[in-house]
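Content type compact mmCIF, C-alpha atoms and all ligand atoms, from the file start28.txt:
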# COMPACT_ATOMS: atom_id res chain seq x y z
CA MET A 147 -8.52 77.32 -49.15
CA LYS A 148 -7.84 74.59 -46.60
CA HIS A 149 -10.27 71.79 -45.80
CA ASN A 150 -9.50 70.61 -42.27
CA PHE A 151 -10.34 66.92 -41.73
CA GLY A 152 -8.28 66.73 -38.50
CA ALA A 153 -9.54 64.44 -35.72
CA GLY A 154 -9.24 66.96 -32.90
CA PRO A 155 -8.48 69.63 -32.00
CA CYS A 156 -10.34 70.34 -35.19
CA ILE A 157 -12.21 72.75 -37.36
CA LEU A 158 -14.57 75.25 -35.72
CA PRO A 159 -16.68 77.81 -37.59
CA LYS A 160 -14.76 80.78 -39.05
CA GLU A 161 -17.14 83.21 -37.31
CA VAL A 162 -16.21 81.65 -33.97
CA PHE A 163 -12.49 82.15 -34.65
CA GLN A 164 -13.16 85.76 -35.64
CA GLU A 165 -15.26 86.60 -32.63
CA ALA A 166 -12.86 84.83 -30.28
CA SER A 167 -9.89 86.71 -31.70
CA GLN A 168 -11.73 90.02 -31.26
CA ALA A 169 -12.40 89.12 -27.59
CA VAL A 170 -8.69 88.45 -27.06
CA VAL A 171 -8.04 92.07 -27.98
CA ASP A 172 -11.15 93.72 -26.50
CA PHE A 173 -13.88 91.71 -24.79
CA ASN A 174 -17.41 93.20 -24.94
CA ASN A 175 -15.96 96.68 -25.58
CA SER A 176 -14.59 96.64 -22.04
CA GLY A 177 -11.10 97.70 -23.05
CA LEU A 178 -9.88 94.42 -21.53
CA SER A 179 -8.97 91.08 -23.08
CA ILE A 180 -11.00 87.97 -22.21
CA LEU A 181 -7.61 86.57 -21.18
CA GLU A 182 -7.08 89.13 -18.40
CA ILE A 183 -10.46 89.29 -16.69
CA SER A 184 -11.33 87.51 -13.47
CA HIS A 185 -13.31 84.32 -13.69
CA ARG A 186 -15.43 85.83 -10.93
CA SER A 187 -16.21 88.99 -12.90
CA LYS A 188 -19.81 89.72 -13.94
CA ASP A 189 -18.77 89.46 -17.59
CA PHE A 190 -17.40 85.95 -17.23
CA GLU A 191 -20.26 84.83 -15.02
CA ALA A 192 -22.55 85.76 -17.91
CA VAL A 193 -20.40 83.68 -20.29
CA ILE A 194 -20.43 80.50 -18.20
CA ALA A 195 -24.15 80.91 -17.47
CA GLU A 196 -24.88 81.22 -21.20
CA ALA A 197 -22.67 78.22 -21.99
CA GLU A 198 -24.62 76.16 -19.46
CA ARG A 199 -27.97 77.40 -20.82
CA LEU A 200 -26.94 76.49 -24.35
CA VAL A 201 -25.89 72.98 -23.33
CA ARG A 202 -29.23 72.50 -21.54
CA GLU A 203 -31.23 73.87 -24.45
CA LEU A 204 -29.39 72.15 -27.32
CA LEU A 205 -29.37 68.75 -25.63
CA ASN A 206 -32.74 69.15 -23.93
CA VAL A 207 -31.25 68.32 -20.53
CA PRO A 208 -33.98 67.44 -18.02
CA GLN A 209 -34.20 68.74 -14.45
CA GLY A 210 -31.95 67.08 -11.90
CA TYR A 211 -28.73 67.14 -13.92
CA SER A 212 -25.67 69.32 -13.29
CA ILE A 213 -23.64 70.75 -16.16
CA LEU A 214 -19.95 70.96 -15.30
CA PHE A 215 -17.05 72.55 -17.15
CA LEU A 216 -13.91 70.82 -15.91
CA GLN A 217 -10.25 70.51 -16.84
CA GLY A 218 -7.98 67.54 -17.43
CA GLY A 219 -9.62 66.28 -20.64
CA ALA A 220 -11.76 63.22 -21.10
CA SER A 221 -8.81 61.23 -19.73
CA THR A 222 -9.39 62.70 -16.27
CA GLN A 223 -12.97 61.45 -16.50
CA PHE A 224 -11.64 57.91 -17.00
CA ALA A 225 -10.59 58.16 -13.33
CA MET A 226 -13.24 60.52 -11.95
CA VAL A 227 -16.12 58.31 -13.06
CA PRO A 228 -15.05 55.26 -11.02
CA LEU A 229 -13.81 57.40 -8.13
CA ASN A 230 -17.28 58.91 -7.80
CA LEU A 231 -19.53 56.05 -8.90
CA LEU A 232 -17.81 52.76 -8.14
CA ALA A 233 -18.09 51.86 -4.46
CA ASP A 234 -15.91 49.24 -2.79
CA GLY A 235 -17.44 45.81 -3.32
CA ALA A 236 -19.40 46.88 -6.40
CA GLN A 237 -18.56 46.14 -10.01
CA ALA A 238 -18.71 48.39 -13.08
CA ALA A 239 -19.30 47.08 -16.61
CA TYR A 240 -17.34 48.41 -19.60
CA LEU A 241 -17.69 47.92 -23.33
CA ASP A 242 -14.34 47.72 -25.11
CA THR A 243 -14.67 49.32 -28.53
CA GLY A 244 -11.26 50.90 -29.02
CA VAL A 245 -8.24 52.62 -27.56
CA TRP A 246 -10.21 55.20 -25.56
CA ALA A 247 -12.77 52.71 -24.27
CA SER A 248 -10.05 50.36 -23.09
CA LYS A 249 -8.10 53.20 -21.47
CA ALA A 250 -11.26 54.14 -19.57
CA ALA A 251 -11.62 50.54 -18.33
CA LYS A 252 -7.94 50.33 -17.43
CA GLU A 253 -8.20 53.40 -15.22
CA ALA A 254 -11.37 52.09 -13.56
CA LYS A 255 -9.57 48.82 -12.72
CA LYS A 256 -7.11 50.82 -10.63
CA ILE A 257 -10.00 52.00 -8.51
CA GLY A 258 -12.39 49.04 -8.31
CA ASP A 259 -13.79 45.90 -9.83
CA VAL A 260 -14.48 46.02 -13.56
CA ALA A 261 -16.12 43.54 -15.94
CA ILE A 262 -15.51 43.86 -19.69
CA VAL A 263 -18.91 42.84 -21.03
CA GLY A 264 -18.05 43.02 -24.72
CA SER A 265 -15.08 43.72 -26.94
CA SER A 266 -14.34 44.09 -30.63
CA ALA A 267 -10.57 43.82 -30.11
CA ASP A 268 -10.66 40.50 -32.02
CA LYS A 269 -11.23 42.38 -35.29
CA ASN A 270 -9.19 45.48 -34.59
CA TYR A 271 -12.27 47.34 -33.34
CA THR A 272 -13.94 47.45 -36.75
CA TYR A 273 -17.40 46.82 -35.31
CA ILE A 274 -19.58 47.46 -32.25
CA PRO A 275 -20.35 44.31 -30.21
CA LYS A 276 -24.12 43.66 -30.10
CA ASN A 277 -26.45 41.82 -27.73
CA ILE A 278 -24.20 42.33 -24.78
CA GLU A 279 -25.35 41.43 -21.32
CA VAL A 280 -24.75 43.88 -18.54
CA PRO A 281 -25.24 42.51 -15.01
CA ALA A 282 -28.32 44.18 -13.55
CA ASP A 283 -26.45 45.00 -10.36
CA ALA A 284 -23.52 46.72 -12.10
CA ALA A 285 -22.67 50.05 -10.46
CA TYR A 286 -22.82 51.51 -13.99
CA PHE A 287 -22.27 50.57 -17.60
CA HIS A 288 -19.65 52.61 -19.49
CA TYR A 289 -19.38 52.85 -23.25
CA THR A 290 -17.84 55.16 -25.83
CA SER A 291 -20.45 56.45 -28.27
CA ASN A 292 -18.00 57.24 -31.06
CA ASN A 293 -14.64 55.58 -31.53
CA THR A 294 -12.56 58.40 -32.93
CA ILE A 295 -9.66 56.19 -34.03
CA TYR A 296 -11.54 53.24 -35.55
CA GLY A 297 -14.43 55.12 -37.16
CA THR A 298 -17.28 53.26 -35.47
CA GLU A 299 -20.27 54.73 -33.67
CA VAL A 300 -22.90 53.30 -31.35
CA PHE A 301 -26.33 54.25 -32.71
CA ASP A 302 -28.43 51.94 -30.54
CA ILE A 303 -27.87 52.32 -26.83
CA PRO A 304 -27.30 48.90 -25.26
CA SER A 305 -30.33 48.15 -23.12
CA THR A 306 -29.42 47.86 -19.47
CA VAL A 307 -30.92 48.58 -16.10
CA ALA A 308 -27.54 49.70 -14.75
CA PRO A 309 -26.95 53.46 -14.87
CA LEU A 310 -25.44 54.47 -18.22
CA VAL A 311 -22.18 56.38 -18.40
CA CYS A 312 -20.96 57.50 -21.79
CA ASP A 313 -17.81 59.05 -23.24
CA MET A 314 -19.26 61.22 -26.00
CA SER A 315 -16.06 63.14 -26.70
CA SER A 316 -16.22 62.79 -30.46
CA ASP A 317 -19.92 62.85 -31.29
CA ILE A 318 -21.63 65.04 -28.70
CA PHE A 319 -23.71 67.81 -30.33
CA SER A 320 -23.61 65.94 -33.67
CA ARG A 321 -26.89 64.05 -33.26
CA THR A 322 -29.89 63.90 -30.98
CA ILE A 323 -29.54 62.01 -27.74
CA ASN A 324 -31.91 61.48 -24.84
CA VAL A 325 -29.99 62.76 -21.83
CA ALA A 326 -32.55 61.19 -19.49
CA ASP A 327 -31.23 57.76 -20.55
CA TYR A 328 -27.88 58.55 -18.94
CA ALA A 329 -26.54 58.89 -15.43
CA LEU A 330 -23.42 60.66 -16.66
CA ILE A 331 -22.10 61.93 -19.99
CA TYR A 332 -18.65 63.38 -20.51
CA ALA A 333 -16.82 64.85 -23.45
CA GLY A 334 -13.51 66.57 -24.05
CA ALA A 335 -14.48 69.78 -25.84
CA GLN A 336 -12.03 69.68 -28.70
CA LYS A 337 -14.28 68.25 -31.39
CA ASN A 338 -17.82 69.58 -31.65
CA MET A 339 -17.91 71.78 -28.56
CA GLY A 340 -14.91 74.08 -28.75
CA PRO A 341 -11.16 74.27 -28.23
CA ALA A 342 -9.11 71.90 -26.07
CA GLY A 343 -8.88 72.74 -22.38
CA VAL A 344 -12.40 72.18 -21.12
CA THR A 345 -14.36 68.97 -20.55
CA LEU A 346 -18.11 68.87 -20.38
CA VAL A 347 -19.75 66.64 -17.76
CA ILE A 348 -23.52 66.20 -17.54
CA VAL A 349 -24.34 64.30 -14.39
CA LYS A 350 -27.55 63.23 -12.72
CA ASP A 351 -27.38 64.70 -9.24
CA ASP A 352 -28.97 61.80 -7.41
CA ILE A 353 -26.22 59.33 -8.37
CA LEU A 354 -23.58 61.36 -6.55
CA GLY A 355 -22.34 60.99 -2.99
CA LYS A 356 -22.74 57.20 -2.87
CA SER A 357 -19.20 55.94 -3.46
CA GLY A 358 -18.40 55.75 0.25
CA ARG A 359 -15.09 57.44 -0.52
CA THR A 360 -13.71 60.65 0.87
CA LEU A 361 -12.44 62.14 -2.34
CA PRO A 362 -9.92 64.90 -2.85
CA THR A 363 -12.18 67.90 -3.51
CA ILE A 364 -10.91 68.45 -7.04
CA PHE A 365 -11.98 64.91 -8.07
CA ASP A 366 -15.41 65.14 -6.49
CA TYR A 367 -18.26 65.97 -8.91
CA GLU A 368 -20.36 67.25 -6.02
CA SER A 369 -17.86 69.95 -5.13
CA HIS A 370 -17.76 71.16 -8.74
CA SER A 371 -21.53 71.05 -8.96
CA LYS A 372 -22.01 73.02 -5.73
CA ALA A 373 -19.48 75.61 -6.88
CA GLY A 374 -21.01 76.02 -10.35
CA SER A 375 -17.75 74.84 -11.99
CA MET A 376 -15.91 77.56 -10.03
CA TYR A 377 -14.35 75.47 -7.30
CA ASN A 378 -11.07 76.52 -8.84
CA THR A 379 -10.26 78.79 -11.78
CA PRO A 380 -12.09 77.34 -14.76
CA PRO A 381 -10.59 77.36 -18.27
CA VAL A 382 -12.00 80.80 -19.04
CA PHE A 383 -11.03 81.10 -22.70
CA SER A 384 -12.00 77.53 -23.65
CA ILE A 385 -15.41 78.00 -22.04
CA TYR A 386 -15.84 81.32 -23.83
CA VAL A 387 -15.03 79.86 -27.26
CA SER A 388 -17.25 76.83 -26.57
CA MET A 389 -20.08 79.21 -25.72
CA LEU A 390 -19.58 81.02 -29.06
CA ASN A 391 -19.57 77.69 -30.88
CA LEU A 392 -22.78 76.56 -29.16
CA ARG A 393 -24.38 79.90 -30.06
CA TRP A 394 -23.39 79.18 -33.67
CA LEU A 395 -25.00 75.74 -33.46
CA LYS A 396 -28.20 77.19 -32.02
CA ALA A 397 -28.37 79.87 -34.72
CA LYS A 398 -27.97 77.16 -37.34
CA GLY A 399 -31.08 75.45 -36.05
CA GLY A 400 -29.65 73.19 -33.36
CA ILE A 401 -28.92 69.49 -33.24
CA ASP A 402 -31.74 68.35 -35.56
CA VAL A 403 -30.39 70.52 -38.36
CA ILE A 404 -26.73 69.62 -37.86
CA GLU A 405 -27.60 65.93 -37.63
CA GLN A 406 -29.21 66.05 -41.08
CA GLU A 407 -26.10 67.78 -42.47
CA ASN A 408 -23.88 65.18 -40.84
CA ILE A 409 -25.95 62.39 -42.40
CA ILE A 410 -25.62 63.99 -45.84
CA LYS A 411 -21.85 64.44 -45.43
CA ALA A 412 -21.38 60.83 -44.30
CA ARG A 413 -23.51 59.53 -47.16
CA ALA A 414 -21.46 61.47 -49.70
CA LEU A 415 -18.08 60.22 -48.48
CA TYR A 416 -19.01 56.59 -47.75
CA GLY A 417 -20.77 56.52 -51.11
CA GLU A 418 -17.54 57.43 -52.86
CA ILE A 419 -15.44 55.02 -50.77
CA ASP A 420 -17.82 52.20 -51.79
CA ARG A 421 -17.96 53.24 -55.45
CA ASN A 422 -14.30 54.06 -56.08
CA PRO A 423 -12.32 50.86 -56.81
CA PHE A 424 -9.14 52.35 -55.30
CA PHE A 425 -10.56 52.73 -51.78
CA LYS A 426 -12.28 50.63 -49.14
CA GLY A 427 -13.77 51.41 -45.73
CA THR A 428 -12.41 49.71 -42.60
CA ALA A 429 -15.48 49.69 -40.31
CA VAL A 430 -18.46 47.37 -40.89
CA GLU A 431 -21.21 49.21 -42.69
CA GLU A 432 -23.87 49.28 -39.96
CA ASP A 433 -21.46 50.75 -37.39
CA ARG A 434 -19.83 53.39 -39.57
CA SER A 435 -19.21 56.64 -37.75
CA ARG A 436 -20.55 59.88 -39.17
CA MET A 437 -17.79 61.82 -37.47
CA ASN A 438 -14.62 59.87 -38.29
CA VAL A 439 -14.50 58.05 -41.59
CA THR A 440 -11.69 55.49 -41.74
CA PHE A 441 -10.61 54.03 -45.06
CA VAL A 442 -7.63 52.47 -46.78
CA MET A 443 -6.50 51.78 -50.33
CA GLU A 444 -6.88 48.46 -52.09
CA ASN A 445 -3.22 48.92 -52.99
CA PRO A 446 -1.49 50.40 -49.90
CA GLU A 447 1.51 51.41 -52.02
CA LEU A 448 -0.61 54.20 -53.51
CA GLU A 449 -1.45 55.79 -50.16
CA ALA A 450 1.46 58.21 -50.10
CA SER A 451 0.64 59.42 -53.57
CA PHE A 452 -3.04 60.00 -52.67
CA LEU A 453 -2.00 61.96 -49.58
CA GLU A 454 0.27 64.07 -51.79
CA LEU A 455 -2.60 64.87 -54.19
CA ALA A 456 -4.90 65.60 -51.22
CA LYS A 457 -2.36 68.07 -49.86
CA GLU A 458 -2.16 69.83 -53.24
CA ARG A 459 -5.96 70.19 -53.16
CA GLY A 460 -5.86 71.76 -49.67
CA LEU A 461 -7.16 68.67 -47.84
CA ILE A 462 -5.56 68.58 -44.38
CA GLY A 463 -5.44 66.01 -41.57
CA LEU A 464 -6.34 62.91 -43.59
CA LYS A 465 -3.57 60.59 -42.49
CA GLY A 466 -5.05 57.68 -40.55
CA HIS A 467 -4.19 56.90 -36.95
CA ARG A 468 -1.24 54.52 -36.69
CA SER A 469 -3.44 51.72 -35.31
CA VAL A 470 -5.65 51.67 -38.43
CA GLY A 471 -3.37 53.08 -41.15
CA GLY A 472 -4.69 54.54 -44.40
CA PHE A 473 -6.87 57.59 -43.99
CA ARG A 474 -9.26 59.14 -41.53
CA ALA A 475 -11.54 61.97 -42.59
CA SER A 476 -13.08 63.63 -39.56
CA MET A 477 -16.24 65.49 -40.45
CA TYR A 478 -17.21 67.42 -37.37
CA ASN A 479 -20.10 69.89 -37.32
CA ALA A 480 -18.15 72.87 -38.66
CA LEU A 481 -16.82 71.00 -41.70
CA SER A 482 -18.95 72.08 -44.63
CA ILE A 483 -20.49 69.86 -47.27
CA SER A 484 -18.32 71.64 -49.84
CA SER A 485 -15.19 70.38 -48.02
CA VAL A 486 -16.54 66.82 -48.20
CA ASN A 487 -17.24 67.34 -51.90
CA ALA A 488 -13.64 68.55 -52.35
CA LEU A 489 -12.41 65.25 -50.87
CA VAL A 490 -14.80 63.20 -53.02
CA ASP A 491 -13.66 65.08 -56.15
CA THR A 492 -10.01 64.42 -55.25
CA MET A 493 -10.72 60.69 -54.86
CA LYS A 494 -12.33 60.72 -58.33
CA GLU A 495 -9.39 62.65 -59.76
CA PHE A 496 -7.00 60.08 -58.27
CA GLU A 497 -9.00 57.27 -59.84
CA GLU A 498 -8.86 58.94 -63.27
CA LYS A 499 -5.12 59.55 -63.03
CA ASN A 500 -4.29 55.99 -61.96
CA LYS A 501 -6.66 53.97 -64.12
N1 LIG A 601 -12.30 59.67 -25.58
C1 LIG A 601 -12.42 59.82 -26.91
C2 LIG A 601 -13.59 59.18 -27.61
C3 LIG A 601 -11.48 60.58 -27.61
O1 LIG A 601 -11.60 60.74 -28.93
C4 LIG A 601 -10.41 61.18 -26.91
C5 LIG A 601 -9.36 62.02 -27.59
N2 LIG A 601 -9.44 62.22 -28.89
C6 LIG A 601 -10.30 60.97 -25.54
C7 LIG A 601 -11.28 60.23 -24.90
C8 LIG A 601 -9.19 61.57 -24.73
O2 LIG A 601 -9.47 62.90 -24.58
P1 LIG A 601 -8.48 63.94 -23.87
O3 LIG A 601 -7.31 64.07 -24.77
O4 LIG A 601 -9.33 65.18 -23.81
O5 LIG A 601 -8.13 63.41 -22.54

Go through the file and emit its structure as structure tokens.
Amino acid sequence: MKHNFGAGPCILPKEVFQEASQAVVDFNNSGLSILEISHRSKDFEAVIAEAERLVRELLNVPQGYSILFLQGGASTQFAMVPLNLLADGAQAAYLDTGVWASKAAKEAKKIGDVAIVGSSADKNYTYIPKNIEVPADAAYFHYTSNNTIYGTEVFDIPSTVAPLVCDMSSDIFSRTINVADYALIYAGAQKNMGPAGVTLVIVKDDILGKSGRTLPTIFDYESHSKAGSMYNTPPVFSIYVSMLNLRWLKAKGGIDVIEQENIIKARALYGEIDRNPFFKGTAVEEDRSRMNVTFVMENPELEASFLELAKERGLIGLKGHRSVGGFRASMYNALSISSVNALVDTMKEFEEKNK
């Protein structure tokens, strides 16, 4: 039995893997593989329509928003957001809370004027800057809701009159959000939505078409919206598997139910990190992420030996990102409480052995 704590691509439910593998061989008893059918076939149109319906239903998306399934990862959104929303002469505000947030700002600077309105770089991104001031006339305010590498999460949306744009790649579908608060949300799928290869964009229609730029069609949200994400061939298989995963989430009871599970999982692991004298967390307590738990050892020389024990116990993907070191346990929706308990038990076992 493997317990996959990988940061992404990451664990998805076993049932989703099984159903997806069946569809690779024979999709809907059609005698054809999902990999060989046209994206314009009736069968695939039903898939993408259901995926869109599930996104709308699970996140309670209000009227007036388009749901797009695009390619190029969240990194392409770092450029598409300013291309579409940052007009010449205007300024966008960015919050710098980690590697991904600063990459997003760096790309925007290539396109227009950007103000960094807060940063936690001074303490290696171990906290979320508070009480930031966003200029009221900012074209938009961009932040990253969950910092996958540093294990911090933004639970209180910064209050601003500027339109909100959020990179939710690593915590979308893990907790309730109010979509109406946002002008645009984007997320690479490969955490809580599905496999790599598709990027979800939820965009308020009335903010589009105001950049004053003539964009290449492929970078223009409006062209994707008008074409129902079929301007060009969409990532058929990734959308299909995402749809299966969202069906799984709905059958489980939706976001309210998964959020409670995620709270319980986070409590169990942070509780052990705080109790066990061998380990310590890296993020400040109030900003601790429920999705990516970053921690180190009081004595870093023991880290290799803990990783070795973890491997023997079937715990995979725990090595921390090089910019934080130590360990990172990613606990996305499909990771069960029993996997978290297996990690907690292994931390206790390590403590006993090294006392
Ligand atoms: N934003 C966040 C918060 C991420 O975690 C990641 C990747 N893990 C990215 C952006 C980049 O995503 P992609 O690789 O899909 O471009």

| query | If we count all atoms listed in the file, what is near segment 220-232 of chain A at a cut-off of 7 Å, once residues fewer than 4 positions away on the same chain are taken out, given as an MDAnalysis selection string? | reply | chainID A and resid 236:238 250 253:254 257:258 285 332:334 345 354 356:357 365:366

| said: At a cut-off of 7 Å and counting only C-alpha atoms and all ligand atoms, what residues surround ligand LIG 601 (chain A)? Please answer as a list in words. | reply: Gly154, Gly218, Gly219, Ala220, Ser221, Thr222, Trp246, Thr290, Asn292, Asn293, Thr294, Asp313, Met314, Ser315, Ser316 and Gly334 of chain A

Within 8 Å of segment 467-490 of chain A: each segment 266-329 of chain A residue with its shortest pair, all atoms listed in the file, as JSON lines:
{"residue": "A:Ile295", "atom": "CA", "partner": "A:His467", "partner_atom": "CA", "distance": 6.2}
{"residue": "A:Tyr296", "atom": "CA", "partner": "A:Val470", "partner_atom": "CA", "distance": 6.7}
{"residue": "A:Gly297", "atom": "CA", "partner": "A:Arg474", "partner_atom": "CA", "distance": 7.9}
{"residue": "A:Ser320", "atom": "CA", "partner": "A:Asn479", "partner_atom": "CA", "distance": 6.4}

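Using all atoms listed in the file for every distance, the candidate list A:Glu161, A:Glu458, A:Glu449, A:Glu495 yields A:Glu458 as the residue closest to Lys148 of chain A.
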
| Atomic separation - atom CA of Tyr211 of chain A relative to atom CA of Glu279 of chain A, Å |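 The value is 27.0 Å.
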
| field | Atomic distance atom CA of Leu216 of chain A - atom CA of Ala284 of chain A, expressed in Å with one decimal | value |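 Value for the atom CA of Leu216 of chain A-atom CA of Ala284 of chain A distance: 26.2 Å.
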
| A:Ile401, A:Ala239, A:Ile274, A:Met443 ranked by distance to Asp259 of chain A, top pick (using only C-alpha atoms) | A:Ala239

| query | Distance atom CA of Phe383 of chain A-atom CA of Glu182 of chain A, one decimal place? | reply | 9.9 Å

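Among the candidate residues A:Ala450, A:Leu200, A:Ala308, A:Ile318, the one lying nearest to Ala335 of chain A is A:Ile318, with distances computed using only C-alpha atoms.
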
| Pick the closest to Asn391 of chain A from A:Ser435, A:Thr428, A:Ser375, A:Gln164: which is it, counting only C-alpha atoms? |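 Residue with the minimum atom-to-atom distance to Asn391 of chain A: A:Gln164.
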
| Surrounding residues of Ala373 of chain A excluding itself and chain neighbours under 2 positions, 12 Å, all atoms listed in the file, as a count of residues only | 20

| For the point (-22.4, 74.1, -22.6) in file coordinates, what residues are within 9 Å, counting only C-alpha atoms? Give the answer as a ChimeraX atom specification? | /A:194-202,204,213-215,339,346,385,388-389,392

| request: Would you be able to write out as a ChimeraX atom specification which residues have an atom within 12 Å of (-16.2, 52.7, -58.3) in the file's coordinates, counting only C-alpha atoms? | output: /A:416-426,444,490,493-494,496-498,501

Dump of C-alpha atoms for the selected residues, as a PDB file, in the coordinates of the input:
ATOM      1  CA  TYR A 416     -19.010  56.590 -47.750  1.00  0.00           C
ATOM      2  CA  GLY A 417     -20.770  56.520 -51.110  1.00  0.00           C
ATOM      3  CA  GLU A 418     -17.540  57.430 -52.860  1.00  0.00           C
ATOM      4  CA  ILE A 419     -15.440  55.020 -50.770  1.00  0.00           C
ATOM      5  CA  ASP A 420     -17.820  52.200 -51.790  1.00  0.00           C
ATOM      6  CA  ARG A 421     -17.960  53.240 -55.450  1.00  0.00           C
ATOM      7  CA  ASN A 422     -14.300  54.060 -56.080  1.00  0.00           C
ATOM      8  CA  PRO A 423     -12.320  50.860 -56.810  1.00  0.00           C
ATOM      9  CA  PHE A 424      -9.140  52.350 -55.300  1.00  0.00           C
ATOM     10  CA  PHE A 425     -10.560  52.730 -51.780  1.00  0.00           C
ATOM     11  CA  LYS A 426     -12.280  50.630 -49.140  1.00  0.00           C
ATOM     12  CA  GLU A 444      -6.880  48.460 -52.090  1.00  0.00           C
ATOM     13  CA  VAL A 490     -14.800  63.200 -53.020  1.00  0.00           C
ATOM     14  CA  MET A 493     -10.720  60.690 -54.860  1.00  0.00           C
ATOM     15  CA  LYS A 494     -12.330  60.720 -58.330  1.00  0.00           C
ATOM     16  CA  PHE A 496      -7.000  60.080 -58.270  1.00  0.00           C
ATOM     17  CA  GLU A 497      -9.000  57.270 -59.840  1.00  0.00           C
ATOM     18  CA  GLU A 498      -8.860  58.940 -63.270  1.00  0.00           C
ATOM     19  CA  LYS A 501      -6.660  53.970 -64.120  1.00  0.00           C
TER      20      LYS A 501
END

| query | Between A:Val170, A:Ile323, A:Ile331, A:Ile183, which has the minimum distance to Pro309 of chain A (counting only C-alpha atoms)? | reply | A:Ile331

| said: Applying 8 Å and all atoms listed in the file, which residues near Asp433 of chain A remain after dropping the ones on its own chain fewer than 6 positions away? List them as a count of residues only. | reply: 6

| With only C-alpha atoms as the basis for distance, which of A:Ser384, A:Gln168, A:Ser451, A:Asn206 is at the shortest distance from Lys499 of chain A? |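 Ranked by minimum distance to Lys499 of chain A, first place goes to A:Ser451.
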